[in-house]
$ cat work-v9.tsv   # TSV, C-alpha atoms and all ligand atoms
chain	number	residue	atom	x	y	z
A	27	MET	CA	63.29	20.04	13.07
A	28	SER	CA	62.43	17.91	16.10
A	29	GLU	CA	59.87	20.44	17.21
A	30	ASN	CA	58.39	20.19	13.80
A	31	ARG	CA	58.02	16.41	14.08
A	32	VAL	CA	56.24	16.62	17.40
A	33	SER	CA	53.74	19.06	16.10
A	34	ARG	CA	53.10	16.87	13.12
A	35	ARG	CA	52.44	13.92	15.41
A	36	GLN	CA	50.20	16.10	17.49
A	37	PHE	CA	48.37	17.11	14.42
A	38	LEU	CA	47.85	13.47	13.48
A	39	ASN	CA	46.70	12.66	16.98
A	40	TYR	CA	44.16	15.40	16.93
A	41	THR	CA	42.90	14.32	13.57
A	42	LEU	CA	42.52	10.72	14.65
A	43	LEU	CA	40.78	11.79	17.80
A	44	GLY	CA	38.43	13.83	15.71
A	45	VAL	CA	37.59	10.91	13.46
A	46	GLY	CA	37.21	8.63	16.46
A	47	GLY	CA	34.91	11.12	18.05
A	48	PHE	CA	32.77	11.14	14.98
A	49	MET	CA	32.61	7.39	14.92
A	50	ALA	CA	31.60	7.23	18.55
A	51	ALA	CA	28.83	9.74	17.93
A	52	GLY	CA	27.69	7.71	14.97
A	53	MET	CA	27.41	4.66	17.19
A	54	VAL	CA	25.59	6.33	20.02
A	55	MET	CA	23.00	8.10	17.94
A	56	PRO	CA	21.38	5.05	16.33
A	57	MET	CA	21.30	3.35	19.71
A	58	ALA	CA	19.55	6.29	21.26
A	59	ARG	CA	17.02	6.04	18.45
A	60	PHE	CA	16.40	2.39	19.19
A	61	ALA	CA	15.93	3.19	22.84
A	62	ILE	CA	13.51	6.02	22.17
A	63	ASP	CA	11.43	4.59	19.36
A	64	PRO	CA	9.31	2.09	21.32
A	65	VAL	CA	8.21	4.89	23.61
A	66	LEU	CA	7.09	7.03	20.70
A	67	LYS	CA	5.30	4.07	19.24
A	68	ALA	CA	3.37	3.39	22.41
A	69	ASN	CA	2.24	7.00	22.46
A	70	ALA	CA	1.06	6.91	18.89
A	71	GLY	CA	-1.08	3.87	19.61
A	72	GLY	CA	-3.06	5.49	22.39
A	73	ASP	CA	-3.79	8.83	20.80
A	74	TYR	CA	-7.00	10.07	19.33
A	75	VAL	CA	-6.87	11.71	15.94
A	76	ALA	CA	-9.21	14.44	14.76
A	77	THR	CA	-11.19	13.63	11.63
A	78	LYS	CA	-12.74	16.19	9.33
A	79	LEU	CA	-16.20	14.93	10.21
A	80	LYS	CA	-18.57	16.82	12.47
A	81	VAL	CA	-20.56	14.59	14.78
A	82	ALA	CA	-23.74	16.31	13.59
A	83	GLU	CA	-23.01	15.13	10.06
A	84	ILE	CA	-23.00	11.47	10.98
A	85	THR	CA	-26.08	9.71	9.62
A	86	THR	CA	-27.38	6.18	9.76
A	87	GLU	CA	-25.74	5.55	6.39
A	88	PRO	CA	-22.08	4.50	6.71
A	89	GLN	CA	-19.71	7.04	5.21
A	90	ARG	CA	-16.02	6.82	4.53
A	91	VAL	CA	-13.81	8.89	6.78
A	92	ASP	CA	-10.10	9.34	6.18
A	93	PHE	CA	-7.79	10.60	8.87
A	94	THR	CA	-4.03	11.03	8.92
A	95	PHE	CA	-1.54	10.75	11.71
A	96	ASP	CA	2.20	10.32	12.13
A	97	GLN	CA	3.50	6.86	12.68
A	98	VAL	CA	7.02	6.08	13.75
A	99	ASP	CA	8.24	3.08	11.89
A	100	ALA	CA	11.46	1.16	12.48
A	101	TRP	CA	13.29	3.35	9.98
A	102	TYR	CA	11.38	6.52	9.48
A	103	GLU	CA	8.45	8.55	10.56
A	104	SER	CA	5.67	8.70	8.07
A	105	GLU	CA	2.20	10.03	7.65
A	106	VAL	CA	-0.34	7.24	7.69
A	107	THR	CA	-3.86	7.47	6.41
A	108	GLY	CA	-6.47	5.55	8.31
A	109	THR	CA	-9.95	4.93	7.01
A	110	ALA	CA	-13.13	4.13	8.86
A	111	TRP	CA	-16.76	3.55	7.99
A	112	VAL	CA	-18.75	5.79	10.33
A	113	TYR	CA	-22.49	5.84	11.05
A	114	LYS	CA	-25.06	5.99	13.84
A	115	ASN	CA	-26.88	2.80	14.75
A	116	GLU	CA	-30.57	2.49	15.73
A	117	ASN	CA	-29.74	3.54	19.28
A	118	GLY	CA	-28.00	6.68	18.05
A	119	GLU	CA	-24.57	5.38	19.02
A	120	ILE	CA	-21.65	6.23	16.79
A	121	ILE	CA	-19.99	3.23	15.19
A	122	ALA	CA	-16.61	3.45	13.43
A	123	LEU	CA	-15.60	0.27	11.65
A	124	SER	CA	-12.24	-0.60	10.16
A	125	PRO	CA	-12.43	-1.32	6.42
A	126	VAL	CA	-9.80	-4.05	6.64
A	127	CYS	CA	-11.27	-7.43	5.79
A	128	LYS	CA	-10.68	-10.00	8.54
A	129	HIS	CA	-10.00	-12.67	5.99
A	130	LEU	CA	-6.78	-11.57	4.29
A	131	GLY	CA	-6.85	-7.82	4.63
A	132	CYS	CA	-8.43	-6.36	1.50
A	133	THR	CA	-10.45	-3.17	1.82
A	134	VAL	CA	-14.18	-3.61	2.17
A	135	ASP	CA	-16.74	-1.29	0.62
A	136	TRP	CA	-20.23	-0.38	1.78
A	137	ASN	CA	-23.11	-1.36	-0.45
A	138	ALA	CA	-20.84	-2.25	-3.35
A	139	ASP	CA	-22.36	-5.54	-4.41
A	140	GLU	CA	-25.72	-5.34	-6.13
A	141	SER	CA	-26.92	-8.69	-4.85
A	142	ASN	CA	-26.03	-7.76	-1.26
A	143	PRO	CA	-27.40	-4.31	-0.47
A	144	ASN	CA	-26.68	-2.69	2.89
A	145	ARG	CA	-23.76	-4.88	3.66
A	146	PHE	CA	-20.02	-4.44	3.61
A	147	PHE	CA	-18.51	-6.25	0.67
A	148	CYS	CA	-14.95	-7.46	0.15
A	149	PRO	CA	-14.07	-7.66	-3.56
A	150	CYS	CA	-11.22	-10.13	-3.08
A	151	HIS	CA	-13.11	-13.30	-2.18
A	152	MET	CA	-16.67	-12.03	-1.89
A	153	GLY	CA	-16.51	-11.59	1.87
A	154	LEU	CA	-19.63	-10.07	3.44
A	155	TYR	CA	-20.37	-8.25	6.69
A	156	GLU	CA	-23.61	-6.95	8.11
A	157	LYS	CA	-23.96	-3.26	8.81
A	158	ASP	CA	-22.89	-3.76	12.43
A	159	GLY	CA	-19.67	-5.39	11.22
A	160	ALA	CA	-20.68	-9.00	11.90
A	161	ASN	CA	-19.24	-11.39	9.32
A	162	VAL	CA	-21.79	-13.24	7.25
A	163	PRO	CA	-21.40	-17.00	7.73
A	164	GLY	CA	-20.57	-18.90	4.59
A	165	THR	CA	-18.24	-16.18	3.31
A	166	PRO	CA	-14.48	-16.36	3.94
A	167	PRO	CA	-14.12	-13.91	6.86
A	168	LEU	CA	-14.26	-15.60	10.27
A	169	ALA	CA	-14.51	-12.54	12.52
A	170	PRO	CA	-16.40	-9.23	12.61
A	171	LEU	CA	-14.76	-6.04	11.39
A	172	ASP	CA	-12.53	-4.25	13.91
A	173	VAL	CA	-13.88	-1.21	15.69
A	174	TYR	CA	-12.17	2.15	16.15
A	175	PRO	CA	-12.53	3.74	19.55
A	176	HIS	CA	-14.01	7.22	19.17
A	177	GLN	CA	-14.41	10.46	21.08
A	178	GLU	CA	-16.31	13.65	20.56
A	179	LYS	CA	-14.57	16.97	21.10
A	180	ASP	CA	-16.06	20.35	20.17
A	181	GLY	CA	-18.52	18.65	17.86
A	182	ILE	CA	-15.74	16.93	15.92
A	183	LEU	CA	-15.29	13.18	15.67
A	184	TYR	CA	-11.97	11.85	16.98
A	185	LEU	CA	-10.86	8.31	16.25
A	186	GLY	CA	-8.23	6.15	17.89
A	187	SER	CA	-5.29	5.46	15.64
A	188	LYS	CA	-5.74	1.72	15.99
A	189	ALA	CA	-8.88	-0.38	15.52
A	190	ASN	CA	-9.56	-3.22	17.96
A	191	PRO	CA	-11.37	-6.53	17.59
A	192	ARG	CA	-15.03	-6.21	18.50
A	193	GLU	CA	-15.77	-6.97	22.13
A	194	GLY	CA	-17.65	-10.17	22.82
A	195	ALA	CA	-16.71	-11.54	19.44
B	29	MET	CA	0.77	-9.18	-0.29
B	30	LYS	CA	4.24	-7.87	-0.71
B	31	TRP	CA	7.50	-9.61	-1.39
B	32	VAL	CA	8.50	-9.68	2.27
B	33	PRO	CA	8.82	-12.71	4.56
B	34	THR	CA	5.84	-11.95	6.81
B	35	ASP	CA	3.49	-11.59	3.85
B	36	ILE	CA	4.94	-14.63	2.15
B	37	GLU	CA	4.24	-16.64	5.30
B	38	THR	CA	0.58	-15.69	5.06
B	39	PHE	CA	0.68	-16.52	1.40
B	40	ALA	CA	2.13	-19.95	2.11
B	41	LYS	CA	-0.69	-20.67	4.57
B	42	SER	CA	-3.50	-20.03	2.13
B	43	PRO	CA	-2.10	-19.85	-1.39
B	44	GLU	CA	-5.45	-20.75	-2.92
B	45	TYR	CA	-6.76	-17.27	-2.15
B	46	VAL	CA	-3.86	-15.43	-3.73
B	47	ASP	CA	-4.25	-16.12	-7.41
B	48	THR	CA	-3.06	-12.86	-8.92
B	49	ALA	CA	0.49	-11.60	-9.47
B	50	VAL	CA	1.21	-7.94	-10.17
B	51	ILE	CA	4.45	-6.80	-11.80
B	52	PRO	CA	5.29	-3.11	-11.97
B	53	LEU	CA	7.34	-2.31	-15.10
B	54	LEU	CA	9.99	0.30	-14.31
B	55	PRO	CA	11.91	1.93	-17.18
B	56	VAL	CA	15.56	2.96	-16.84
B	57	SER	CA	17.41	5.11	-19.38
B	58	PHE	CA	20.37	7.47	-19.43
B	59	ASP	CA	19.69	9.63	-22.46
B	60	GLU	CA	17.36	12.60	-22.80
B	61	SER	CA	14.47	10.50	-21.50
B	62	ILE	CA	16.15	9.95	-18.11
B	63	LYS	CA	13.78	12.24	-16.25
B	64	GLU	CA	10.73	10.82	-17.88
B	65	SER	CA	11.89	7.31	-16.96
B	66	ALA	CA	12.31	8.28	-13.34
B	67	THR	CA	8.87	9.88	-13.25
B	68	MET	CA	7.28	6.78	-14.73
B	69	ALA	CA	9.14	4.43	-12.42
B	70	GLU	CA	8.17	6.43	-9.33
B	71	PHE	CA	4.57	6.72	-10.36
B	72	THR	CA	4.21	3.03	-11.18
B	73	THR	CA	5.87	2.01	-7.92
B	74	LEU	CA	3.60	4.26	-5.88
B	75	LEU	CA	0.47	3.23	-7.69
B	76	THR	CA	1.10	-0.50	-7.32
B	77	SER	CA	1.98	-0.21	-3.65
B	78	GLN	CA	-1.29	1.62	-2.99
B	79	LEU	CA	-3.13	-0.98	-4.99
B	80	GLU	CA	-1.54	-3.68	-2.90
B	81	ARG	CA	-2.90	-2.04	0.24
B	82	GLN	CA	-6.42	-2.23	-1.12
B	83	LEU	CA	-6.35	-5.72	-2.56
B	84	GLN	CA	-3.64	-7.38	-0.52
B	85	GLY	CA	-5.65	-10.50	0.22
B	86	ARG	CA	-5.69	-11.63	-3.36
B	87	ILE	CA	-2.66	-10.15	-5.10
B	88	LEU	CA	1.04	-10.72	-4.68
B	89	LEU	CA	3.06	-7.66	-5.62
B	90	ILE	CA	6.27	-8.83	-7.28
B	91	PRO	CA	9.35	-6.57	-6.90
B	92	GLY	CA	9.43	-4.02	-9.71
B	93	PHE	CA	10.77	-5.23	-13.04
B	94	SER	CA	13.38	-2.72	-14.16
B	95	TYR	CA	14.50	-2.75	-17.76
B	96	LEU	CA	16.50	-0.64	-20.17
B	97	LYS	CA	14.10	1.48	-22.10
B	98	ALA	CA	16.25	1.20	-25.21
B	99	LYS	CA	16.22	-2.61	-25.06
B	100	LYS	CA	12.53	-3.31	-24.98
B	101	GLN	CA	12.75	-6.53	-26.95
B	102	GLU	CA	15.21	-8.08	-24.49
B	103	ALA	CA	13.03	-6.98	-21.60
B	104	LEU	CA	10.02	-8.51	-23.25
B	105	ASN	CA	11.79	-11.85	-23.67
B	106	VAL	CA	12.64	-11.99	-19.99
B	107	LEU	CA	9.16	-10.89	-19.02
B	108	VAL	CA	7.62	-13.69	-21.05
B	109	GLN	CA	9.71	-16.17	-19.05
B	110	TRP	CA	8.68	-14.59	-15.74
B	111	GLU	CA	5.09	-14.78	-16.74
B	112	GLN	CA	5.31	-18.40	-17.81
B	113	GLU	CA	6.99	-19.33	-14.54
B	114	MET	CA	4.27	-17.62	-12.52
B	115	LEU	CA	1.44	-19.19	-14.47
B	116	ASP	CA	3.05	-22.64	-14.28
B	117	LYS	CA	3.83	-22.48	-10.59
B	118	HIS	CA	0.73	-21.00	-9.14
B	119	PHE	CA	-1.00	-17.92	-10.44
B	120	LYS	CA	-4.18	-17.67	-12.45
B	121	HIS	CA	-3.83	-14.01	-13.31
B	122	VAL	CA	-0.77	-11.96	-14.10
B	123	PHE	CA	-1.02	-8.19	-14.39
B	124	PHE	CA	1.67	-5.85	-15.69
B	125	VAL	CA	1.37	-2.24	-14.67
B	126	THR	CA	3.26	0.36	-16.66
B	127	SER	CA	3.31	4.06	-17.48
B	128	GLU	CA	5.23	3.56	-20.69
B	129	TYR	CA	2.90	3.51	-23.65
B	130	ASP	CA	5.37	1.54	-25.77
B	131	TRP	CA	4.44	-1.65	-23.98
B	132	LYS	CA	0.98	-1.53	-25.52
B	133	GLN	CA	2.36	-2.69	-28.85
B	134	HIS	CA	3.82	-5.79	-27.19
B	135	GLU	CA	0.62	-6.71	-25.41
B	136	ALA	CA	-0.07	-9.56	-27.79
B	137	SER	CA	3.14	-11.38	-26.79
B	138	LEU	CA	1.97	-11.55	-23.19
B	139	LYS	CA	-0.66	-13.86	-21.80
B	140	GLY	CA	-1.40	-11.65	-18.83
B	141	THR	CA	-3.12	-8.28	-18.74
B	142	LEU	CA	-1.12	-5.18	-19.54
B	143	LEU	CA	-2.42	-2.09	-17.79
B	144	TRP	CA	-1.15	1.23	-19.05
B	145	ILE	CA	-1.66	4.17	-16.71
B	146	PRO	CA	-0.17	7.49	-17.83
B	147	SER	CA	2.10	8.91	-15.15
B	148	LEU	CA	1.30	12.21	-13.50
B	149	PRO	CA	3.85	14.84	-12.55
B	150	LEU	CA	3.52	14.20	-8.83
B	151	GLN	CA	6.49	16.37	-7.91
B	152	HIS	CA	4.63	19.45	-9.12
B	153	MET	CA	1.61	18.85	-6.93
B	154	ASP	CA	1.02	19.76	-3.34
B	155	GLU	CA	0.52	17.01	-0.83
B	156	LYS	CA	-3.26	17.21	-0.82
B	157	SER	CA	-3.91	17.00	-4.54
B	158	ARG	CA	-1.25	14.33	-4.81
B	159	VAL	CA	-3.13	12.12	-2.39
B	160	SER	CA	-6.51	12.64	-4.02
B	161	VAL	CA	-5.13	12.15	-7.53
B	162	MET	CA	-3.44	8.94	-6.48
B	163	GLU	CA	-6.59	7.72	-4.79
B	164	ASP	CA	-8.50	8.28	-7.98
B	165	GLN	CA	-6.01	6.35	-10.05
B	166	VAL	CA	-5.88	3.50	-7.55
B	167	ARG	CA	-9.65	3.23	-7.59
B	168	GLN	CA	-9.71	2.99	-11.38
B	169	LEU	CA	-6.98	0.39	-11.34
B	170	MET	CA	-8.80	-1.58	-8.65
B	171	ASN	CA	-11.92	-1.70	-10.75
B	172	LEU	CA	-9.98	-3.18	-13.65
B	173	PHE	CA	-8.78	-5.96	-11.38
B	174	ILE	CA	-12.21	-6.65	-9.94
B	175	GLN	CA	-13.71	-6.67	-13.41
B	176	LYS	CA	-11.14	-9.21	-14.58
B	177	TRP	CA	-11.82	-11.44	-11.57
B	178	ARG	CA	-15.56	-11.26	-12.18
B	179	GLU	CA	-15.14	-12.26	-15.82
B	180	GLN	CA	-13.27	-15.36	-14.83
B	181	GLU	CA	-15.68	-16.28	-12.05
B	182	SER	CA	-18.72	-16.01	-14.25
B	183	VAL	CA	-17.21	-18.35	-16.86
C	201	LIG	S1	-9.74	-10.76	1.90
C	201	LIG	FE1	-11.81	-10.24	2.16
C	201	LIG	S2	-12.82	-12.05	1.61
C	201	LIG	FE2	-10.73	-12.60	1.42

$ encode --input "work-v9.tsv" --output "structure tokens" --more "lines below"
Ligand code: FES
Amino acid sequence: MSENRVSRRQFLNYTLLGVGGFMAAGMVMPMARFAIDPVLKANAGGDYVATKLKVAEITTEPQRVDFTFDQVDAWYESEVTGTAWVYKNENGEIIALSPVCKHLGCTVDWNADESNPNRFFCPCHMGLYEKDGANVPGTPPLAPLDVYPHQEKDGILYLGSKANPREGA
Amino acid sequence: MKWVPTDIETFAKSPEYVDTAVIPLLPVSFDESIKESATMAEFTTLLTSQLERQLQGRILLIPGFSYLKAKKQEALNVLVQWEQEMLDKHFKHVFFVTSEYDWKQHEASLKGTLLWIPSLPLQHMDEKSRVSVMEDQVRQLMNLFIQKWREQESV
């Protein structure tokens, strides 16, 4: 009888320990995630992502290029699609512009407004940018379009996962 | 802009540029149409969030309006109040986006624009076609918005 009671208490102890163990693990794991995430994020920011565009296919006419990469968010990892307008300028240099309007963030389109050919046009508040990304004075945007860093590898265009403000702007 | 504090801060700084509210209409039901409701709700949510990414500088995406599919009239009454509040307080344009065709017959009771986009069975598509199909739909939807804005600006 007394033996029986001890073993029952033991059993309870073990069970509680088990539950406690679980709880401890539950607490440590999210913390580890918090500690690790910023590192992953920093990596993602510096990487170059392969596009489907061959460098030889880049013309002087801006074309839309989509590229996907993994981004680690606060809560989950997700696939993000980036878009760039890519072309070669008069000097043959590759230019990759971000389509995000510097006014309030709408997506700009190339050559979309009949009265403004060969410019980037923002449909939200009629924002305009020249082909090189410079904002047209008198329209809402106050800064030129951001620029993606790019690399060439095996004839394929690689773009940085984050566009930066234009230098000297 | 989305219904989150950071976006609302931007909105508060230059409200004059954000003149359009978008309300996704999300059906809920528990009878034989339960699956269809879920498909519609998912599709509408996805579509409007993509749209927001494209036109975020001018639209404010209101949290989805869920309603009982069987009680359309009640839903409509509430929606009319929402719309009035938005027009009174700030917005020039109100858009409702839905996949449920039924709403079309109530269009006349609303001052805003009702956009009906049939939902697509996204769960049966592979990732690639899903993305391209969505992109297509978003582009069409975008054009409807831009067209509406143009109409008003040319008046
Ligand atoms: S967001 Fe592009 S002009 Fe306002």

$ atom_distance --input "work-v9.tsv" --atom1 "CA of Val75 in chain A" --atom2 "CA of Thr94 in chain A"
7.6 Å

$ closest_residue --input "work-v9.tsv" --among "A:Asp96, A:Glu140, A:Glu193, A:Asp135" --to "Pro175 in chain A" --atoms "only C-alpha atoms"
A:Glu193

$ closest_atom_pairs --input "work-v9.tsv" --of "chain B" --to "chain A" --cutoff "7 Å" --atoms "all atoms listed in the file" --output "Markdown table"
| residue | atom | partner | partner_atom | distance |
| --- | --- | --- | --- | --- |
| B:Gln82 | CA | A:Thr133 | CA | 5.1 |
| B:Leu83 | CA | A:Cys132 | CA | 4.6 |
| B:Gln84 | CA | A:Cys132 | CA | 5.3 |
| B:Gly85 | CA | A:Leu130 | CA | 4.4 |
| B:Arg86 | CA | A:Cys150 | CA | 5.7 |
| B:Ile174 | CA | A:Pro149 | CA | 6.7 |

$ axis_aligned_box --input "work-v9.tsv" --around "ligand LIG 201 (chain C)" --padding-each-side "4 Å" --output "AutoDock Vina command-line options"
--center_x -11.3 --center_y -11.4 --center_z 1.8 --size_x 11.1 --size_y 10.4 --size_z 8.7

$ closest_atom_pairs --input "work-v9.tsv" --of "chain B" --to "ligand LIG 201 (chain C)" --cutoff "12 Å" --atoms "only C-alpha atoms and all ligand atoms" --output "JSON lines"
{"residue": "B:Met29", "atom": "CA", "partner": "C:LIG201", "partner_atom": "S1", "distance": 10.9}
{"residue": "B:Thr38", "atom": "CA", "partner": "C:LIG201", "partner_atom": "S1", "distance": 11.9}
{"residue": "B:Phe39", "atom": "CA", "partner": "C:LIG201", "partner_atom": "S1", "distance": 11.9}
{"residue": "B:Ser42", "atom": "CA", "partner": "C:LIG201", "partner_atom": "FE2", "distance": 10.4}
{"residue": "B:Pro43", "atom": "CA", "partner": "C:LIG201", "partner_atom": "FE2", "distance": 11.6}
{"residue": "B:Glu44", "atom": "CA", "partner": "C:LIG201", "partner_atom": "FE2", "distance": 10.6}
{"residue": "B:Tyr45", "atom": "CA", "partner": "C:LIG201", "partner_atom": "FE2", "distance": 7.1}
{"residue": "B:Val46", "atom": "CA", "partner": "C:LIG201", "partner_atom": "FE2", "distance": 9.0}
{"residue": "B:Asp47", "atom": "CA", "partner": "C:LIG201", "partner_atom": "FE2", "distance": 11.5}
{"residue": "B:Glu80", "atom": "CA", "partner": "C:LIG201", "partner_atom": "S1", "distance": 11.8}
{"residue": "B:Arg81", "atom": "CA", "partner": "C:LIG201", "partner_atom": "S1", "distance": 11.2}
{"residue": "B:Gln82", "atom": "CA", "partner": "C:LIG201", "partner_atom": "S1", "distance": 9.6}
{"residue": "B:Leu83", "atom": "CA", "partner": "C:LIG201", "partner_atom": "S1", "distance": 7.5}
{"residue": "B:Gln84", "atom": "CA", "partner": "C:LIG201", "partner_atom": "S1", "distance": 7.4}
{"residue": "B:Gly85", "atom": "CA", "partner": "C:LIG201", "partner_atom": "S1", "distance": 4.4}
{"residue": "B:Arg86", "atom": "CA", "partner": "C:LIG201", "partner_atom": "S1", "distance": 6.7}
{"residue": "B:Ile87", "atom": "CA", "partner": "C:LIG201", "partner_atom": "S1", "distance": 10.0}

$ atom_distance --input "work-v9.tsv" --atom1 "CA of Gln177 in chain A" --atom2 "CA of Arg90 in chain A"
17.0 Å

$ atom_distance --input "work-v9.tsv" --atom1 "CA of Ala66 in chain B" --atom2 "CA of Tyr95 in chain B"
12.1 Å

$ residues_around --input "work-v9.tsv" --residues "Ile90 in chain B" --least-positions-apart "5" --cutoff "7 Å" --atoms "all atoms listed in the file" --output "ChimeraX atom specification"
/B:30-31,49-51

$ residues_around --input "work-v9.tsv" --residues "Gln78 in chain B" --least-positions-apart "5" --cutoff "10 Å" --atoms "all atoms listed in the file" --output "list in words"
Thr72, Thr73, Leu83, Gln84, Met162, Glu163, Gln165, Val166, Arg167 and Met170 of chain B

$ closest_residue --input "work-v9.tsv" --among "A:Pro170, A:Pro88, A:Asn144, A:Lys78" --to "Ala122 in chain A" --atoms "all atoms listed in the file"
A:Pro88

$ residues_around --input "work-v9.tsv" --residues "range 118-131 of chain B" --least-positions-apart "5" --cutoff "6 Å" --atoms "all atoms listed in the file" --output "PDB file with C-alpha atoms, in the frame of the given file"
ATOM      1  CA  ASP B  47      -4.250 -16.120  -7.410  1.00  0.00           C
ATOM      2  CA  THR B  48      -3.060 -12.860  -8.920  1.00  0.00           C
ATOM      3  CA  ALA B  49       0.490 -11.600  -9.470  1.00  0.00           C
ATOM      4  CA  VAL B  50       1.210  -7.940 -10.170  1.00  0.00           C
ATOM      5  CA  ILE B  51       4.450  -6.800 -11.800  1.00  0.00           C
ATOM      6  CA  PRO B  52       5.290  -3.110 -11.970  1.00  0.00           C
ATOM      7  CA  LEU B  53       7.340  -2.310 -15.100  1.00  0.00           C
ATOM      8  CA  MET B  68       7.280   6.780 -14.730  1.00  0.00           C
ATOM      9  CA  GLY B 140      -1.400 -11.650 -18.830  1.00  0.00           C
ATOM     10  CA  THR B 141      -3.120  -8.280 -18.740  1.00  0.00           C
ATOM     11  CA  LEU B 142      -1.120  -5.180 -19.540  1.00  0.00           C
ATOM     12  CA  LEU B 143      -2.420  -2.090 -17.790  1.00  0.00           C
ATOM     13  CA  TRP B 144      -1.150   1.230 -19.050  1.00  0.00           C
ATOM     14  CA  ILE B 145      -1.660   4.170 -16.710  1.00  0.00           C
ATOM     15  CA  PRO B 146      -0.170   7.490 -17.830  1.00  0.00           C
ATOM     16  CA  SER B 147       2.100   8.910 -15.150  1.00  0.00           C
TER      17      SER B 147
END

$ residues_around --input "work-v9.tsv" --residues "Ala160 in chain A" --least-positions-apart "2" --cutoff "7 Å" --atoms "all atoms listed in the file" --output "list in words"
Tyr155, Glu156, Asp158, Val162, Pro170 and Leu171 of chain A
